[in-house]
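Source file: structure.cif. Holds: mmCIF, C-alpha atoms.
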data_input
loop_
_atom_site.group_PDB
_atom_site.id
_atom_site.type_symbol
_atom_site.label_atom_id
_atom_site.label_comp_id
_atom_site.auth_asym_id
_atom_site.auth_seq_id
_atom_site.Cartn_x
_atom_site.Cartn_y
_atom_site.Cartn_z
ATOM 1 C CA MET G 23 150.388 200.493 295.500
ATOM 2 C CA ASN G 24 152.072 201.289 298.787
ATOM 3 C CA ARG G 25 149.855 203.668 300.711
ATOM 4 C CA ARG G 26 152.828 205.204 302.501
ATOM 5 C CA ASP G 27 154.208 206.492 299.199
ATOM 6 C CA GLN G 28 150.905 207.932 298.175
ATOM 7 C CA SER G 29 150.149 211.596 298.621
ATOM 8 C CA VAL G 30 146.489 212.171 299.458
ATOM 9 C CA ASP G 31 144.641 215.311 298.522
ATOM 10 C CA LEU G 32 141.741 216.053 300.851
ATOM 11 C CA ASP G 33 139.845 217.532 297.889
ATOM 12 C CA GLU G 34 139.021 213.988 296.803
ATOM 13 C CA PHE G 35 136.896 213.713 299.964
ATOM 14 C CA GLY G 36 134.254 215.974 298.377
ATOM 15 C CA ARG G 37 131.831 217.359 300.961
ATOM 16 C CA PHE G 38 133.754 215.526 303.674
ATOM 17 C CA ALA G 39 136.966 217.487 302.977
ATOM 18 C CA GLU G 40 136.306 220.053 305.701
ATOM 19 C CA PRO G 41 135.335 217.525 308.409
ATOM 20 C CA ALA G 42 138.377 215.449 307.423
ATOM 21 C CA LEU G 43 140.696 218.454 307.741
ATOM 22 C CA LEU G 44 139.294 219.351 311.164
ATOM 23 C CA ILE G 45 139.647 215.740 312.330
ATOM 24 C CA LEU G 46 143.304 215.708 311.237
ATOM 25 C CA ILE G 47 143.882 218.981 313.097
ATOM 26 C CA SER G 48 142.184 217.530 316.162
ATOM 27 C CA LEU G 49 144.404 214.433 316.089
ATOM 28 C CA ALA G 50 147.570 216.484 315.566
ATOM 29 C CA ASP G 51 148.005 216.855 319.333
ATOM 30 C CA GLY G 52 147.384 213.214 320.155
ATOM 31 C CA PRO G 53 144.993 210.262 319.745
ATOM 32 C CA LYS G 54 141.292 210.788 320.433
ATOM 33 C CA HIS G 55 138.084 208.814 320.066
ATOM 34 C CA GLY G 56 134.987 210.008 318.233
ATOM 35 C CA TYR G 57 133.365 211.891 321.089
ATOM 36 C CA ALA G 58 136.617 213.645 322.051
ATOM 37 C CA ILE G 59 137.210 214.611 318.408
ATOM 38 C CA THR G 60 133.717 216.128 318.196
ATOM 39 C CA GLU G 61 134.198 218.119 321.392
ATOM 40 C CA ASP G 62 137.691 219.273 320.390
ATOM 41 C CA ILE G 63 136.491 220.487 316.983
ATOM 42 C CA ALA G 64 133.561 222.275 318.638
ATOM 43 C CA THR G 65 136.082 224.048 320.877
ATOM 44 C CA PHE G 66 138.646 225.183 318.339
ATOM 45 C CA ALA G 67 136.492 225.574 315.217
ATOM 46 C CA ASP G 68 133.064 226.266 316.695
ATOM 47 C CA VAL G 69 131.599 223.551 314.460
ATOM 48 C CA ARG G 70 129.778 220.476 315.753
ATOM 49 C CA PHE G 71 129.557 217.607 313.269
ATOM 50 C CA GLY G 72 126.786 215.062 313.491
ATOM 51 C CA PRO G 73 127.819 211.436 314.069
ATOM 52 C CA GLY G 74 126.994 210.468 310.480
ATOM 53 C CA THR G 75 129.276 213.140 309.045
ATOM 54 C CA LEU G 76 132.017 212.449 311.591
ATOM 55 C CA TYR G 77 132.196 208.724 310.854
ATOM 56 C CA ALA G 78 131.877 209.171 307.081
ATOM 57 C CA ALA G 79 134.994 211.363 307.287
ATOM 58 C CA ILE G 80 136.753 208.977 309.706
ATOM 59 C CA ALA G 81 136.085 206.020 307.361
ATOM 60 C CA ARG G 82 137.599 207.934 304.440
ATOM 61 C CA LEU G 83 140.639 209.009 306.449
ATOM 62 C CA GLU G 84 141.217 205.478 307.706
ATOM 63 C CA SER G 85 140.703 203.975 304.257
ATOM 64 C CA ARG G 86 143.417 206.207 302.794
ATOM 65 C CA GLY G 87 145.829 205.594 305.647
ATOM 66 C CA LEU G 88 145.726 209.144 307.042
ATOM 67 C CA ILE G 89 144.617 207.933 310.467
ATOM 68 C CA ASP G 90 144.905 204.617 312.285
ATOM 69 C CA ALA G 91 142.648 203.082 314.912
ATOM 70 C CA LEU G 92 144.349 202.163 318.173
ATOM 71 C CA ASP G 93 143.188 199.383 320.488
ATOM 72 C CA ALA G 94 139.672 199.892 321.806
ATOM 73 C CA ASP G 95 139.378 201.950 324.945
ATOM 74 C CA ASP G 96 136.158 200.707 326.543
ATOM 75 C CA ARG G 97 133.850 200.469 323.504
ATOM 76 C CA ARG G 98 135.505 203.397 321.773
ATOM 77 C CA ASN G 99 138.420 203.230 319.337
ATOM 78 C CA PRO G 100 140.863 206.114 319.648
ATOM 79 C CA TYR G 101 142.408 207.284 316.375
ATOM 80 C CA GLU G 102 145.881 208.636 315.743
ATOM 81 C CA LEU G 103 147.449 210.589 312.918
ATOM 82 C CA THR G 104 149.743 208.535 310.660
ATOM 83 C CA PRO G 105 152.874 209.944 308.960
ATOM 84 C CA VAL G 106 150.886 210.097 305.689
ATOM 85 C CA GLY G 107 148.135 211.970 307.512
ATOM 86 C CA GLU G 108 150.626 214.408 309.000
ATOM 87 C CA LYS G 109 152.082 215.057 305.540
ATOM 88 C CA ALA G 110 148.599 215.638 304.064
ATOM 89 C CA LEU G 111 147.700 217.960 306.943
ATOM 90 C CA ARG G 112 150.891 219.996 306.550
ATOM 91 C CA ALA G 113 150.301 220.320 302.802
ATOM 92 C CA ARG G 114 146.699 221.443 303.272
ATOM 93 C CA LEU G 115 147.554 223.959 306.016
ATOM 94 C CA ALA G 116 150.388 225.411 303.895
ATOM 95 C CA SER G 117 147.953 225.823 301.018
ATOM 96 C CA ILE G 118 145.402 227.555 303.278
ATOM 97 C CA GLN G 119 148.118 229.821 304.692
ATOM 98 C CA ALA G 120 149.255 230.826 301.197
ATOM 99 C CA VAL G 121 145.696 231.725 300.199
ATOM 100 C CA ALA G 122 145.141 233.612 303.477
ATOM 101 C CA ARG G 123 148.349 235.604 302.933
ATOM 102 C CA VAL G 124 147.200 236.686 299.478
ATOM 103 C CA GLY G 125 143.791 237.659 300.826
ATOM 104 C CA GLN G 126 145.228 239.665 303.703
ATOM 105 C CA LYS G 127 147.719 241.401 301.427
ATOM 106 C CA ARG G 128 144.983 242.421 299.036
ATOM 107 C CA LEU G 129 142.768 243.640 301.867
ATOM 108 C CA ALA G 130 145.650 245.691 303.243
ATOM 109 C CA ASN G 131 146.081 247.380 299.846
ATOM 110 C CA ALA G 132 142.360 247.968 299.362
ATOM 111 C CA MET E 20 118.604 206.912 318.237
ATOM 112 C CA THR E 21 120.800 203.807 318.267
ATOM 113 C CA TRP E 22 118.213 201.977 316.124
ATOM 114 C CA LEU E 23 119.309 204.166 313.211
ATOM 115 C CA LEU E 24 122.561 202.206 313.249
ATOM 116 C CA LYS E 25 120.644 199.390 311.546
ATOM 117 C CA LEU E 26 120.526 201.526 308.417
ATOM 118 C CA TYR E 27 124.275 201.079 307.935
ATOM 119 C CA PRO E 28 125.787 198.172 305.953
ATOM 120 C CA PRO E 29 126.787 195.121 308.041
ATOM 121 C CA ARG E 30 130.490 195.528 307.282
ATOM 122 C CA TRP E 31 130.374 199.151 308.375
ATOM 123 C CA ARG E 32 128.579 198.168 311.595
ATOM 124 C CA ARG E 33 131.132 195.470 312.337
ATOM 125 C CA ARG E 34 133.934 198.031 312.075
ATOM 126 C CA TYR E 35 132.397 201.190 313.569
ATOM 127 C CA GLY E 36 129.137 200.021 315.152
ATOM 128 C CA GLU E 37 130.234 199.825 318.790
ATOM 129 C CA GLU E 38 131.956 203.192 318.933
ATOM 130 C CA PHE E 39 129.203 204.827 316.883
ATOM 131 C CA ARG E 40 126.629 203.464 319.320
ATOM 132 C CA ALA E 41 128.698 204.767 322.249
ATOM 133 C CA LEU E 42 128.753 208.190 320.601
ATOM 134 C CA ILE E 43 125.028 208.503 319.861
ATOM 135 C CA ALA E 44 123.542 206.618 322.819
ATOM 136 C CA PRO E 45 123.832 209.520 325.304
ATOM 137 C CA GLN E 46 122.417 212.042 322.835
ATOM 138 C CA PRO E 47 118.729 212.976 323.022
ATOM 139 C CA PHE E 48 116.713 212.470 319.850
ATOM 140 C CA SER E 49 116.956 215.345 317.409
ATOM 141 C CA ILE E 50 115.754 215.596 313.821
ATOM 142 C CA THR E 51 119.036 217.181 312.720
ATOM 143 C CA THR E 52 121.118 214.348 314.147
ATOM 144 C CA ALA E 53 118.749 211.717 312.738
ATOM 145 C CA ILE E 54 119.026 213.256 309.255
ATOM 146 C CA ASP E 55 122.807 213.371 309.608
ATOM 147 C CA ILE E 56 122.896 209.682 310.567
ATOM 148 C CA ILE E 57 120.603 208.721 307.667
ATOM 149 C CA GLY E 58 122.860 210.709 305.312
ATOM 150 C CA GLY E 59 125.867 208.865 306.733
ATOM 151 C CA ALA E 60 124.133 205.513 306.169
ATOM 152 C CA LEU E 61 123.339 206.381 302.561
ATOM 153 C CA ASP E 62 126.956 207.387 302.053
ATOM 154 C CA ALA E 63 128.173 204.124 303.597
ATOM 155 C CA TRP E 64 125.968 202.114 301.208
ATOM 156 C CA THR E 65 126.746 204.097 298.087
ATOM 157 C CA ARG E 66 130.452 204.772 298.710
ATOM 158 C CA PRO E 67 131.826 201.832 300.696
ATOM 159 C CA GLN E 68 135.399 202.507 301.761
ATOM 160 C CA SER E 69 138.027 200.084 300.531
ATOM 161 C CA HIS E 70 139.409 199.146 303.953
ATOM 162 C CA LEU E 71 136.018 197.706 304.919
ATOM 163 C CA THR E 72 135.982 195.558 301.784
ATOM 164 C CA ARG E 73 139.559 194.428 302.441
ATOM 165 C CA ALA E 74 138.681 193.482 306.016
ATOM 166 C CA ALA E 75 135.875 191.274 304.741
ATOM 167 C CA HIS E 76 138.302 189.466 302.419
ATOM 168 C CA THR E 77 140.743 188.675 305.187
ATOM 169 C CA GLU E 78 137.887 187.262 307.218
ATOM 170 C CA GLY E 79 137.073 185.006 304.270
ATOM 171 C CA ASP E 80 133.649 186.513 304.532
ATOM 172 C CA THR E 81 131.926 186.004 301.212
ATOM 173 C CA ILE E 82 133.914 186.873 298.149
ATOM 174 C CA MET E 83 137.138 185.423 296.853
ATOM 175 C CA LEU E 84 139.562 187.775 295.143
ATOM 176 C CA ALA E 85 139.140 186.073 291.782
ATOM 177 C CA ARG E 86 135.382 186.431 291.969
ATOM 178 C CA LEU E 87 135.696 190.092 292.927
ATOM 179 C CA MET E 88 138.043 190.745 290.006
ATOM 180 C CA LYS E 89 135.583 189.135 287.641
ATOM 181 C CA LEU E 90 132.683 191.013 289.185
ATOM 182 C CA ASP E 91 134.198 194.475 289.424
ATOM 183 C CA CYS E 92 136.739 194.643 286.633
ATOM 184 C CA ALA E 93 136.493 192.086 283.909
ATOM 185 C CA ARG E 94 132.983 191.483 282.707
ATOM 186 C CA GLY E 95 130.655 193.336 285.022
ATOM 187 C CA PRO E 96 128.212 191.567 287.320
ATOM 188 C CA GLU E 97 127.998 188.277 285.332
ATOM 189 C CA VAL E 98 124.769 188.940 283.517
ATOM 190 C CA THR E 99 123.506 185.679 282.030
ATOM 191 C CA ALA E 100 121.222 185.303 279.024
ATOM 192 C CA GLY E 101 118.409 184.509 281.467
ATOM 193 C CA ASP E 102 119.036 187.748 283.351
ATOM 194 C CA GLY E 103 118.995 189.646 280.078
ATOM 195 C CA LEU E 104 115.641 188.116 279.182
ATOM 196 C CA LYS E 105 114.179 188.884 282.607
ATOM 197 C CA GLY E 106 115.379 192.500 282.414
ATOM 198 C CA ALA E 107 114.003 192.897 278.895
ATOM 199 C CA ALA E 108 110.705 191.315 279.959
ATOM 200 C CA VAL E 109 110.364 193.796 282.823
ATOM 201 C CA ILE E 110 111.100 196.809 280.590
ATOM 202 C CA LEU E 111 109.058 195.711 277.581
ATOM 203 C CA GLY E 112 106.220 194.117 279.543
ATOM 204 C CA GLY E 113 105.892 197.086 281.883
ATOM 205 C CA SER E 114 106.076 199.610 279.059
ATOM 206 C CA PHE E 115 103.499 197.701 277.030
ATOM 207 C CA ALA E 116 101.150 197.555 280.020
ATOM 208 C CA ALA E 117 101.569 201.307 280.492
ATOM 209 C CA LEU E 118 100.834 201.813 276.790
ATOM 210 C CA VAL E 119 97.593 199.851 277.064
ATOM 211 C CA VAL E 120 96.554 201.780 280.178
ATOM 212 C CA THR E 121 97.386 205.066 278.411
ATOM 213 C CA TYR E 122 95.256 204.064 275.402
ATOM 214 C CA LEU E 123 92.306 203.126 277.600
ATOM 215 C CA LEU E 124 92.536 206.305 279.660
ATOM 216 C CA ARG E 125 92.645 208.461 276.549
ATOM 217 C CA GLN E 126 89.025 207.471 275.947
ATOM 218 C CA GLN E 127 88.083 209.400 279.095
ATOM 219 C CA PRO E 128 87.375 213.124 278.774
ATOM 220 C CA GLY E 129 89.324 215.796 280.643
ATOM 221 C CA GLU E 130 92.958 216.644 281.332
ATOM 222 C CA HIS E 131 94.913 214.467 283.771
ATOM 223 C CA PRO E 132 98.449 215.918 283.857
ATOM 224 C CA TYR E 133 99.755 213.819 286.777
ATOM 225 C CA ARG E 134 98.376 210.602 285.333
ATOM 226 C CA MET E 135 99.799 211.369 281.915
ATOM 227 C CA ALA E 136 103.179 212.315 283.395
ATOM 228 C CA PHE E 137 103.398 208.955 285.170
ATOM 229 C CA LEU E 138 102.300 207.002 282.118
ATOM 230 C CA SER E 139 104.777 208.853 279.873
ATOM 231 C CA ASN E 140 107.610 208.027 282.257
ATOM 232 C CA ALA E 141 106.429 204.480 282.973
ATOM 233 C CA TRP E 142 109.180 202.870 280.864
ATOM 234 C CA LEU E 143 111.782 204.645 283.018
ATOM 235 C CA PHE E 144 110.366 203.100 286.191
ATOM 236 C CA PHE E 145 110.498 199.645 284.630
ATOM 237 C CA PHE E 146 114.001 200.285 283.313
ATOM 238 C CA VAL E 147 115.182 201.059 286.861
ATOM 239 C CA ILE E 148 113.368 198.011 288.261
ATOM 240 C CA SER E 149 115.069 195.827 285.613
ATOM 241 C CA MET E 150 118.478 196.855 287.050
ATOM 242 C CA ARG E 151 117.889 194.195 289.660
ATOM 243 C CA TYR E 152 118.814 191.644 286.953
ATOM 244 C CA TRP E 153 121.962 193.327 285.656
ATOM 245 C CA LEU E 154 123.509 196.458 287.176
ATOM 246 C CA VAL E 155 122.988 195.577 290.841
ATOM 247 C CA LYS E 156 122.587 191.834 290.411
ATOM 248 C CA ARG E 157 125.330 190.857 292.861
ATOM 249 C CA TRP E 158 124.461 193.423 295.495
ATOM 250 C CA SER E 159 122.762 192.434 298.725
ATOM 251 C CA ALA E 160 118.964 192.639 298.789
ATOM 252 C CA ARG E 161 119.125 195.673 301.060
ATOM 253 C CA ALA E 162 121.627 197.508 298.848
ATOM 254 C CA GLN E 163 119.448 196.762 295.826
ATOM 255 C CA ALA E 164 116.401 198.116 297.659
ATOM 256 C CA VAL E 165 118.248 201.307 298.649
ATOM 257 C CA TYR E 166 119.658 201.889 295.143
ATOM 258 C CA ILE E 167 116.574 201.034 293.125
ATOM 259 C CA GLY E 168 114.192 202.583 295.669
ATOM 260 C CA GLY E 169 116.260 205.768 295.694
ATOM 261 C CA LEU E 170 116.256 206.026 291.906
ATOM 262 C CA LEU E 171 112.515 205.344 291.747
ATOM 263 C CA SER E 172 111.905 208.051 294.352
ATOM 264 C CA VAL E 173 113.920 210.577 292.352
ATOM 265 C CA ILE E 174 112.135 209.693 289.109
ATOM 266 C CA GLY E 175 108.785 209.763 290.950
ATOM 267 C CA GLY E 176 109.588 213.239 292.259
ATOM 268 C CA MET E 177 110.555 214.466 288.808
ATOM 269 C CA THR E 178 107.395 212.983 287.337
ATOM 270 C CA LEU E 179 105.242 214.698 289.956
ATOM 271 C CA LEU E 180 107.019 217.948 289.097
ATOM 272 C CA ALA E 181 106.297 217.367 285.399
ATOM 273 C CA GLY E 182 102.624 216.748 286.231
ATOM 274 C CA TRP E 183 102.483 219.885 288.344
ATOM 275 C CA LEU E 184 104.058 221.964 285.573
ATOM 276 C CA GLY E 185 101.571 220.509 283.092
ATOM 277 C CA ARG E 186 98.500 221.575 285.078
#
Turn this file's structure into structure tokens for me.
Amino acid sequence: MNRRDQSVDLDEFGRFAEPALLILISLADGPKHGYAITEDIATFADVRFGPGTLYAAIARLESRGLIDALDADDRRNPYELTPVGEKALRARLASIQAVARVGQKRLANA
Amino acid sequence: MTWLLKLYPPRWRRRYGEEFRALIAPQPFSITTAIDIIGGALDAWTRPQSHLTRAAHTEGDTIMLARLMKLDCARGPEVTAGDGLKGAAVILGGSFAALVVTYLLRQQPGEHPYRMAFLSNAWLFFFVISMRYWLVKRWSARAQAVYIGGLLSVIGGMTLLAGWLGR
């Protein structure tokens, strides 16, 4: 099966779905290596993943073609978002936005 | 903490080892991080990602595609009649030994809930140990140790709980 034609649902990542989503968001503004991803996520989401969790999520994202490793920079591989990853990220963010809209609407009417 | 990297599978280390080491080397030791790394290692052993397997094939590492197909899809892990006999011997022999021990211990007075819990579940321990000859036959020795050791630990924990409840 061609991975580029495949749509990937982050739900299949199980407990790594949230780290995977935050990694995709982090890479949306450009390639980063593991340490930079961790720091970026800590800044915008106030969550700091351990290295085991971070690389379990990175391995899943790379395996499904959502991110690609670039040439090593020093000993560290930067990662970039692929078109499939961008599509998956857009789909997930749209879904979150739709749920948030419903929640806010209901709170406003409460 | 870089020594914890040794807990990961070799293929995983070949792909991510250097950058993972660069990430954890500057960090001071912390229990939370160590537990996170151990959890990551368990995940890497139990849920290997397909791109790491594919990379090994292109390197001509160990397994040809035909062998993998036979192993994973067609007939399971090629269990021979000899393997079947060994597995059965472990289960039956172990269970019989536990039965004899149970019979002998029953002659002693008093309640021994932990001992009885372990003897009642003995066949389960031997069943898991026998997996070495069939379910995980083709796995590496380390993967077998992690899988079988993990299952034995879980069953051991449940047996201890049963003994505690039976006090």
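For the choices E:Ile50, E:Leu118, E:Ala181, E:Ala107, the atom-to-atom distance to chain G is smallest for E:Ile50 when using only C-alpha atoms.
Look at Gly169 of chain E: the protein and nucleic acid residues within 10 Å of it, using only C-alpha atoms and passing over chain neighbours fewer than 6 places away, are E:Leu61, E:Gln163, E:Gly175.
In chain E, the set of residues within 7 Å of chain G (atoms considered: only C-alpha atoms) is Glu37, Glu38, Ala41, Leu42, Thr52, Asp55, Ile56, Gly58, Gly59, Gln68, Ser69 and His70 of chain E.
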Where is the centre and how long are the edges: axis-aligned box on segment 115-123 of chain G, 6 Å on each side, Å to one decimal, as lines of an AutoDock Vina configuration file:
center_x = 147.8
center_y = 229.8
center_z = 303.1
size_x = 17.2
size_y = 23.6
size_z = 17.8
Please compute the atom CA of Gln46 of chain E-atom CA of Trp31 of chain E distance, one decimal, in Å. 20.9 Å
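Across the structure, atom CA of Trp142 of chain E and atom CA of Ile174 of chain E are spaced 11.1 Å apart.
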Fewer than 6 positions away in the same chain doesn't count, so skip those; otherwise give me all residues within 8 Å of Trp153 of chain E, counting all atoms listed in the file, as a VMD selection string. chain E and resid 96 to 98 102 to 103 106
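Here atom CA of Phe38 of chain G and atom CA of Ile59 of chain G stand 15.2 Å from one another.
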Proximity to Leu124 of chain E - best of E:Leu26, E:Leu138, E:Val147, E:Leu111, only C-alpha atoms: E:Leu138
For this file, the PyMOL selection byres ((chain G and resi 62) around 12) selects which residues, as a ChimeraX atom specification? /G:44-61,63-71
